[in-house]
Each structure stands twice: as C-alpha cells, then as structure tokens.
Amino acid sequence: MKLFARILLFALAGLLVWQIAALGISGYYVDRLRDGDPAAAEKALAWMADQPEAALRKGLETEKADPALGESLLRAAYAQDPADARPLIAVARQVQAQGDKARAGAMVRQAVLLDPSDPAIQEAAAAYWVSQGDLNKAMQHWSVALEAQPTEQSQLFPLFLRLAEDPKTRGVFQAFAGSPPPWWDAFFDEVARRAIDLETVRTLYGMRREAKLTPISPQERKAYVARLQKDGRITEAYLVWVNGLSDEERGYLGMLNNGSFELPPANAGFGWHIRKTNGVDFTEARTTGVEGERALHILFRRWEGTFSNVFQPLFLDPGTYELTGRVRTDELDSIGGLKWVTRCTEPSQDLGESGRFLGSGDWRSFSFRFQVPEDCTAQEIRLVSAGTRPFEAKITGGIWFDSMALRKIAVPAATKTSGPG
C-alpha cells in the first residue's frame with residue numbers, strides 16, 4: 001500500500017512538473033506570437049489546448065476558412081479569460097452572420113462594458129451599429145475610439161468627411177457640435193480644407209454657432225475664415241474674422257492690422273502671417289528707437305532662397321492708398337535686398353512696391369502709393385526678395401519694421417479744360 005501511494009505521489013509530481021513545463025513552453029510561444037510570429041499560435045495550443053491568447057489568434061485566423069473551428073476556438077478563449085472582450089466581439093460577428101441579431105447585439109454591448117477604453121472594441125461596436133443602420137450609435141463609439149487613440153484620426157476622419165458631405169447623414173454631427181469632443185477641432189479643420197462644397201463647412205460651423213454653452217474656438221474660426229478666403233468669399237471672411245477678435249486685437253484694427261507689431265502675428269484671417277523656416281528668426285521685440293513697445297525683427301542666417309514669408313491679406317475698396325512705415329537695417333548683406341509689395345490676389349496683379357532695404361542704417365521712414373482697381377476683390381501686402389536672380393536673394397543680417405499703416409488718399413479729379421470759344 002505504501003508502495004502504491006509512493007508511485008501515485010511520483011505520478012502526480014511528474015504530472016505537475018509536466019504542466020508547469022507545458023505552461024512555460026506555451027507561454028514562450030505566446031510571447032513569440034505577440035512579437036509577430038503567426039505560426040506560434042498553433043505551437044502554443046499544442047502545448048496547452050486552452051491557452052486563451054493562442055486560441056484567440058488561431059480563432060481569428062481560421063474564422064473565415066473554417067467558421068465552426070474558428071468559433072470553437074474563440075469561445076474557448078473567452079471561457080478561459082472572460083475579462084478579454086476581443087474573443088467576445090469576434091464571436092458576436094459570427095452570431096450576427098448566422099442571423100441572431102439580438103444575441104449579437106448583447107455580445108457587442110457586453111464587450112464594450114468589458115473594455116471601454118480599447119479603440120478596436122469601440123470601432124467594432126461602431127461597425128455593428130452601422131450594419132444595423134444606426135449611425136448615431138456608431139458615431140458615439142467612434143468618438144470614444146478617437147478619444148482613446150487620437151492616431152485613429154487618419155482612419156476615421158475620411159469616413160467622417162463623407163458623412164458630413166452627404167446632406168442625408170450630416171445631422172449625426174449635431175450632438176457633437178453642441179458639446180465638442182477633443183477631436184472636433186482637428187476634424188473641422190480637415191473638413192474646412194478638404195470638403196468639396198463650401199456648404200458642408202458652413203453647415204457644421206452653423207451647428208457650432210448654435211451651441212451657446214461652448215463658444216466657437218479660435219482654431220475653428222481660423223479654419224473657417226481660411227476656407228472662405230480660399231473660395232473668394234472675402235467680405236464674409238472678413239466679417240467672421242473681425243467678430244472673433246478680442247478687445248485688445250480690436251485696438252490694433254485698421255486697413256493694415258497690427259501694423260505696429262505690438263501683438264504676436266495671428267497667422268490667421270486678416271492678421272500678419274509669418275511662415276517660420278530654418279535660417280530665419282522672427283521676433284516681436286523692443287529695441288532703441290521703437291515707437292510703442294515692440295517692432296518686428298527678422299534675422300537672416302545665411303538665407304539662400306527667395307523670401308516671401310511675411311504677409312497680410314487686405315480688405316480694401318477700390319481707390320488710391322498710401323503705405324507708410326519705419327525700417328532699420330542691421331548689416332543686411334544682400335545684393336537684391338528686400339521690399340514690400342502690394343498685390344491683387346483676385347485676379348492676380350501687382351499693385352505697388354517700396355524701395356529696396358539692405359545694408360545698415362538707423363530708423364528711417366518709407367512710403368509708397370498704389371491703386372486698387374474696381375475688379376480687385378482681394379489683396380495682400382508681402383515682404384519679398386527684391387532680386388530677380390538666385391544669387392541676388394542670398395541674405396544675412398537683420399531688419400526691423402515698425403509703425404506700418406495704410407490710408408486711403410482722395411485723389412482730385414482731373415480739371416476739365418474748355419475748348420476755344
């Protein structure tokens with residue numbers, strides 16, 4: 001009897017050692033599986049038939065070729081790890097394909113409850129509700145997926161854009177416009193840039209204007225104004241831009257806005273736009289002789305390209321105008337130099353330009369006049385390279401601008417001469 005007990009004890013010990021070894025080897029293959037080795041799933045299952053991760057991967061791999069085996073493996077994976085929503089959502093797909101919508105829906109809801117922060121689970125739930133024709137519920141799951149994983153924007157925003165461009169589905173964004181989620185500004189920016197029809201952008205912007213508790217953000221207004229400008233709706237763009245200015249910004253409003261550079265460049269609407277680039281530093285700083293607190297300082301560090309990185313869109317009526325300003329150059333070494341130009345952007349036409357700026361010198365005033373014709377509906381002022389050849393555009397050194405302003409000039413009509421009497 002003692003001998004039998006001893007043999008049984010050894011047998012149980014051997015079985016335990018085998019199970020530990022099998023678990024270890026199975027775990028090794030699961031690690032291989034997670035590292036991207038697809039063949040490791042079958043090897044892990046060979047050592048442990050109910051290993052949940054391997055059963056899940058193998059089930060997903062075989063569910064199309066052999067639905068019965070795939071479902072069996074997925075159910076086994078869920079049975080071994082009921083806290084893992086992935087096999088449950090996969091089984092839900094199969095149950096739905098078999099026509100049991102109620103049970104599939106229950107599984108989807110349970111999967112979301114199990115792991116609400118997993119974007120893949122949320123997107124799978126969204127796909128289920130799309131198949132049921134409920135876009136509003138699908139959008140709720142997509143929204144959670146984007147909050148959990150913002151990089152999903154590249155996958156979901158093109159789909160959202162198609163929904164926004166279709167008048168029949170555009171209404172799904174109404175709930176989000178009332179209380180914008182974190183992804184909204186980036187989505188609206190994409191719509192403003194890519195929507196085929198301006199009406200799509202207008203409608204979404206209108207939804208946001210109706211939200212009394214959550215005002216339109218500066219990013220939304222910037223994107224909307226840029227789209228209006230792009231489509232040639234200059235008057236509308238200017239009014240939207242002006243209505244979004246702060247009290248401080250309104251203090252520097254004029255035909256040329258913030259011409260004293262007291263405020264940082266807006267890079268939006270009808271303010272200063274400064275495109276930063278390697279080799280050029282832009283600052284608004286105080287220096288000797290400045291009027292007010294700041295002036296625009298541009299420092300070139302061996303710049304070799306054609307420069308056109310500072311500009312402001314204008315909103316001018318037809319007529320004659322004079323641009324005035326102050327400039328100081330600090331060893332601005334360039335053959336061509338720099339100059340301000342005014343242009344009609346719609347239709348394209350040069351209107352006027354300043355003299356060239358180069359070399360070194362104290363603060364001095366400059367001015368030039370230009371005529372805005374009747375058919376010129378949009379204009380801009382831009383600081384550009386004055387040279388026409390590549391070698392003339394090379395610049396090193398610094399330049400300051402301050403107290404720039406535009407004023408309209410009343411030009412007297414030509415005196416009519418009388419003929420001989």
# chains A, B, ... in the order shown; residues from 1 in each chain; ligands from 1
>>> residues_around(residues="stretch 203-215 of chain A", least_positions_apart="2", cutoff="7 Å", atoms="only C-alpha atoms", output="list in words")
Gln174, Ala177, Gly178, Ser179, Glu199, Thr200, Val201 and Ser217 of chain A
>>> select_by_dssp(residues="stretch 86-212 of chain A", states="alpha helix (DSSP H)", output="PyMOL selection string")
chain A and resi 86-97+101-114+119-131+135-148+153-165+174-178+184-194+198-209
>>> residues_around(residues="stretch 226-236 of chain A", least_positions_apart="4", cutoff="8 Å", atoms="only C-alpha atoms", output="PyMOL selection string")
chain A and resi 192-193+198+222+240+268-269+315+346+377-378
>>> atom_distance(atom1="atom CA of A:Ala120", atom2="atom CA of A:Ala145")
7.4 Å
>>> residues_around(residues="A:Gly244", least_positions_apart="5", cutoff="9 Å", atoms="only C-alpha atoms", output="PDB file with C-alpha atoms, in the first residue's frame")
ATOM      1  CA  ILE A 216     -16.533  78.588 -31.297  1.00  0.00           C
ATOM      2  CA  PRO A 218     -10.066  80.134 -32.326  1.00  0.00           C
ATOM      3  CA  ARG A 221     -12.757  80.273 -36.700  1.00  0.00           C
ATOM      4  CA  LEU A 239     -16.730  89.802 -41.045  1.00  0.00           C
TER       5      LEU A 239
END
>>> residues_around(residues="A:Ser365", least_positions_apart="4", cutoff="8 Å", atoms="only C-alpha atoms", output="PyMOL selection string")
chain A and resi 324-327
>>> closest_residue(among="A:Lys101, A:Arg364, A:Lys276, A:Arg382", to="A:Leu338", atoms="only C-alpha atoms")
A:Arg382
>>> closest_residue(among="A:Phe270, A:Phe160, A:Phe368, A:Phe188", to="A:Asn243", atoms="only C-alpha atoms")
A:Phe270
>>> atom_distance(atom1="atom CA of A:Ala223", atom2="atom CA of A:Ser154")
18.5 Å
>>> atom_distance(atom1="atom CA of A:Ser260", atom2="atom CA of A:Phe311")
14.1 Å
>>> closest_residue(among="A:Thr151, A:Asn136, A:Thr277, A:Ser348", to="A:Leu163", atoms="only C-alpha atoms")
A:Asn136
>>> closest_residue(among="A:Met139, A:Ala148, A:Ile399, A:Lys394", to="A:Phe176", atoms="only C-alpha atoms")
A:Met139
>>> residues_around(residues="A:Ala124", least_positions_apart="2", cutoff="10 Å", atoms="only C-alpha atoms", output="VMD selection string")
chain A and resid 86 89 to 90 92 to 93 108 111 to 112 119 to 122 126 to 130 138 141 to 142 145
>>> write_last_selection(atoms="C-alpha atoms", output="PDB file, in the first residue's frame")
ATOM      1  CA  ARG A  86     -11.698  40.542 -28.054  1.00  0.00           C
ATOM      2  CA  ILE A  89     -16.605  40.756 -30.170  1.00  0.00           C
ATOM      3  CA  ALA A  90     -15.341  38.207 -32.727  1.00  0.00           C
ATOM      4  CA  ALA A  92     -20.581  38.442 -31.984  1.00  0.00           C
ATOM      5  CA  ARG A  93     -19.655  38.884 -35.647  1.00  0.00           C
ATOM      6  CA  VAL A 108     -21.295  43.713 -28.541  1.00  0.00           C
ATOM      7  CA  ALA A 111     -17.675  43.581 -24.982  1.00  0.00           C
ATOM      8  CA  VAL A 112     -17.842  47.376 -24.707  1.00  0.00           C
ATOM      9  CA  PRO A 119     -10.330  51.641 -29.607  1.00  0.00           C
ATOM     10  CA  ALA A 120     -10.522  48.370 -31.566  1.00  0.00           C
ATOM     11  CA  ILE A 121     -13.506  47.240 -29.458  1.00  0.00           C
ATOM     12  CA  GLN A 122     -15.182  50.638 -29.897  1.00  0.00           C
ATOM     13  CA  ALA A 126     -19.438  51.091 -34.340  1.00  0.00           C
ATOM     14  CA  ALA A 127     -19.276  48.679 -37.287  1.00  0.00           C
ATOM     15  CA  TYR A 128     -22.052  46.608 -35.701  1.00  0.00           C
ATOM     16  CA  TRP A 129     -24.330  49.625 -35.335  1.00  0.00           C
ATOM     17  CA  VAL A 130     -23.592  50.728 -38.898  1.00  0.00           C
ATOM     18  CA  ALA A 138     -21.917  54.220 -34.346  1.00  0.00           C
ATOM     19  CA  HIS A 141     -18.410  54.551 -30.387  1.00  0.00           C
ATOM     20  CA  TRP A 142     -16.152  56.167 -32.998  1.00  0.00           C
ATOM     21  CA  ALA A 145     -12.254  55.359 -30.051  1.00  0.00           C
TER      22      ALA A 145
END
>>> closest_residue(among="A:Val341, A:Leu316, A:Ala285, A:Leu332", to="A:Ala393", atoms="only C-alpha atoms")
A:Leu332
>>> closest_residue(among="A:Trp241, A:His297, A:Ala164, A:Arg109", to="A:Pro264", atoms="only C-alpha atoms")
A:His297
>>> select_by_dssp(residues="stretch 109-350 of chain A", states="strand (DSSP E or B)", output="PyMOL selection string")
chain A and resi 273-274+277+280-285+295-303+310-314+319-333+338-346+348-350
>>> decode(residues="stretch 190-227 of chain A", atoms="N, CA and C atoms", output="mmCIF file, in the first residue's frame")
data_model
loop_
_atom_site.group_PDB
_atom_site.id
_atom_site.type_symbol
_atom_site.label_atom_id
_atom_site.label_comp_id
_atom_site.auth_asym_id
_atom_site.auth_seq_id
_atom_site.Cartn_x
_atom_site.Cartn_y
_atom_site.Cartn_z
ATOM 1 N N GLU A 190 -10.010 69.646 -40.996
ATOM 2 C CA GLU A 190 -9.921 68.806 -42.184
ATOM 3 C C GLU A 190 -11.099 69.033 -43.117
ATOM 4 N N VAL A 191 -12.287 69.186 -42.547
ATOM 5 C CA VAL A 191 -13.467 69.478 -43.374
ATOM 6 C C VAL A 191 -13.293 70.807 -44.096
ATOM 7 N N ALA A 192 -12.811 71.827 -43.371
ATOM 8 C CA ALA A 192 -12.637 73.151 -43.981
ATOM 9 C C ALA A 192 -11.642 73.102 -45.134
ATOM 10 N N ARG A 193 -10.623 72.261 -45.021
ATOM 11 C CA ARG A 193 -9.609 72.177 -46.071
ATOM 12 C C ARG A 193 -10.038 71.289 -47.237
ATOM 13 N N ARG A 194 -10.794 70.228 -46.962
ATOM 14 C CA ARG A 194 -10.979 69.194 -47.976
ATOM 15 C C ARG A 194 -12.390 69.062 -48.525
ATOM 16 N N ALA A 195 -13.379 69.626 -47.839
ATOM 17 C CA ALA A 195 -14.756 69.460 -48.316
ATOM 18 C C ALA A 195 -14.910 70.042 -49.716
ATOM 19 N N ILE A 196 -15.594 69.320 -50.572
ATOM 20 C CA ILE A 196 -15.786 69.777 -51.956
ATOM 21 C C ILE A 196 -16.685 71.002 -51.998
ATOM 22 N N ASP A 197 -17.739 70.984 -51.210
ATOM 23 C CA ASP A 197 -18.738 72.054 -51.226
ATOM 24 C C ASP A 197 -18.599 72.915 -49.985
ATOM 25 N N LEU A 198 -18.521 74.219 -50.165
ATOM 26 C CA LEU A 198 -18.441 75.145 -49.040
ATOM 27 C C LEU A 198 -19.632 74.993 -48.111
ATOM 28 N N GLU A 199 -20.785 74.582 -48.638
ATOM 29 C CA GLU A 199 -21.983 74.456 -47.822
ATOM 30 C C GLU A 199 -21.795 73.439 -46.695
ATOM 31 N N THR A 200 -20.973 72.409 -46.941
ATOM 32 C CA THR A 200 -20.669 71.435 -45.889
ATOM 33 C C THR A 200 -20.008 72.129 -44.707
ATOM 34 N N VAL A 201 -19.033 72.976 -44.996
ATOM 35 C CA VAL A 201 -18.308 73.697 -43.942
ATOM 36 C C VAL A 201 -19.243 74.674 -43.237
ATOM 37 N N ARG A 202 -20.051 75.375 -44.018
ATOM 38 C CA ARG A 202 -20.981 76.345 -43.446
ATOM 39 C C ARG A 202 -21.957 75.678 -42.486
ATOM 40 N N THR A 203 -22.453 74.499 -42.882
ATOM 41 C CA THR A 203 -23.447 73.816 -42.044
ATOM 42 C C THR A 203 -22.856 73.402 -40.709
ATOM 43 N N LEU A 204 -21.661 72.814 -40.724
ATOM 44 C CA LEU A 204 -21.027 72.415 -39.465
ATOM 45 C C LEU A 204 -20.716 73.636 -38.598
ATOM 46 N N TYR A 205 -20.254 74.703 -39.231
ATOM 47 C CA TYR A 205 -19.960 75.932 -38.483
ATOM 48 C C TYR A 205 -21.248 76.504 -37.888
ATOM 49 N N GLY A 206 -22.337 76.413 -38.656
ATOM 50 C CA GLY A 206 -23.625 76.868 -38.145
ATOM 51 C C GLY A 206 -24.090 76.052 -36.950
ATOM 52 N N MET A 207 -23.857 74.733 -36.987
ATOM 53 C CA MET A 207 -24.181 73.887 -35.824
ATOM 54 C C MET A 207 -23.433 74.360 -34.593
ATOM 55 N N ARG A 208 -22.165 74.714 -34.784
ATOM 56 C CA ARG A 208 -21.358 75.160 -33.643
ATOM 57 C C ARG A 208 -21.835 76.517 -33.118
ATOM 58 N N ARG A 209 -22.276 77.383 -33.997
ATOM 59 C CA ARG A 209 -22.752 78.701 -33.549
ATOM 60 C C ARG A 209 -23.995 78.573 -32.689
ATOM 61 N N GLU A 210 -24.766 77.509 -32.921
ATOM 62 C CA GLU A 210 -25.982 77.297 -32.131
ATOM 63 C C GLU A 210 -25.679 76.811 -30.719
ATOM 64 N N ALA A 211 -24.464 76.354 -30.475
ATOM 65 C CA ALA A 211 -24.086 75.845 -29.144
ATOM 66 C C ALA A 211 -23.752 77.021 -28.234
ATOM 67 N N LYS A 212 -24.671 77.403 -27.395
ATOM 68 C CA LYS A 212 -24.496 78.600 -26.565
ATOM 69 C C LYS A 212 -23.487 78.393 -25.445
ATOM 70 N N LEU A 213 -23.386 77.151 -24.932
ATOM 71 C CA LEU A 213 -22.522 76.915 -23.781
ATOM 72 C C LEU A 213 -21.068 76.677 -24.152
ATOM 73 N N THR A 214 -20.816 76.351 -25.426
ATOM 74 C CA THR A 214 -19.439 76.085 -25.864
ATOM 75 C C THR A 214 -19.137 76.963 -27.070
ATOM 76 N N PRO A 215 -18.531 78.124 -26.862
ATOM 77 C CA PRO A 215 -18.286 79.053 -27.977
ATOM 78 C C PRO A 215 -17.354 78.446 -29.026
ATOM 79 N N ILE A 216 -17.427 79.000 -30.213
ATOM 80 C CA ILE A 216 -16.533 78.588 -31.297
ATOM 81 C C ILE A 216 -15.094 78.867 -30.895
ATOM 82 N N SER A 217 -14.228 77.899 -31.125
ATOM 83 C CA SER A 217 -12.824 78.029 -30.728
ATOM 84 C C SER A 217 -12.042 78.845 -31.753
ATOM 85 N N PRO A 218 -10.906 79.426 -31.355
ATOM 86 C CA PRO A 218 -10.066 80.134 -32.326
ATOM 87 C C PRO A 218 -9.636 79.241 -33.490
ATOM 88 N N GLN A 219 -9.401 77.944 -33.226
ATOM 89 C CA GLN A 219 -8.993 77.026 -34.298
ATOM 90 C C GLN A 219 -10.099 76.854 -35.322
ATOM 91 N N GLU A 220 -11.346 76.736 -34.852
ATOM 92 C CA GLU A 220 -12.471 76.604 -35.780
ATOM 93 C C GLU A 220 -12.634 77.863 -36.627
ATOM 94 N N ARG A 221 -12.580 79.016 -35.964
ATOM 95 C CA ARG A 221 -12.757 80.273 -36.700
ATOM 96 C C ARG A 221 -11.644 80.452 -37.738
ATOM 97 N N LYS A 222 -10.418 80.113 -37.344
ATOM 98 C CA LYS A 222 -9.286 80.230 -38.274
ATOM 99 C C LYS A 222 -9.502 79.350 -39.498
ATOM 100 N N ALA A 223 -9.931 78.113 -39.278
ATOM 101 C CA ALA A 223 -10.148 77.188 -40.396
ATOM 102 C C ALA A 223 -11.280 77.667 -41.292
ATOM 103 N N TYR A 224 -12.345 78.190 -40.679
ATOM 104 C CA TYR A 224 -13.497 78.646 -41.460
ATOM 105 C C TYR A 224 -13.149 79.875 -42.297
ATOM 106 N N VAL A 225 -12.448 80.839 -41.675
ATOM 107 C CA VAL A 225 -12.046 82.043 -42.409
ATOM 108 C C VAL A 225 -11.120 81.681 -43.573
ATOM 109 N N ALA A 226 -10.187 80.769 -43.325
ATOM 110 C CA ALA A 226 -9.264 80.360 -44.394
ATOM 111 C C ALA A 226 -10.028 79.739 -45.563
ATOM 112 N N ARG A 227 -11.065 78.940 -45.263
ATOM 113 C CA ARG A 227 -11.835 78.343 -46.349
ATOM 114 C C ARG A 227 -12.625 79.407 -47.116
#
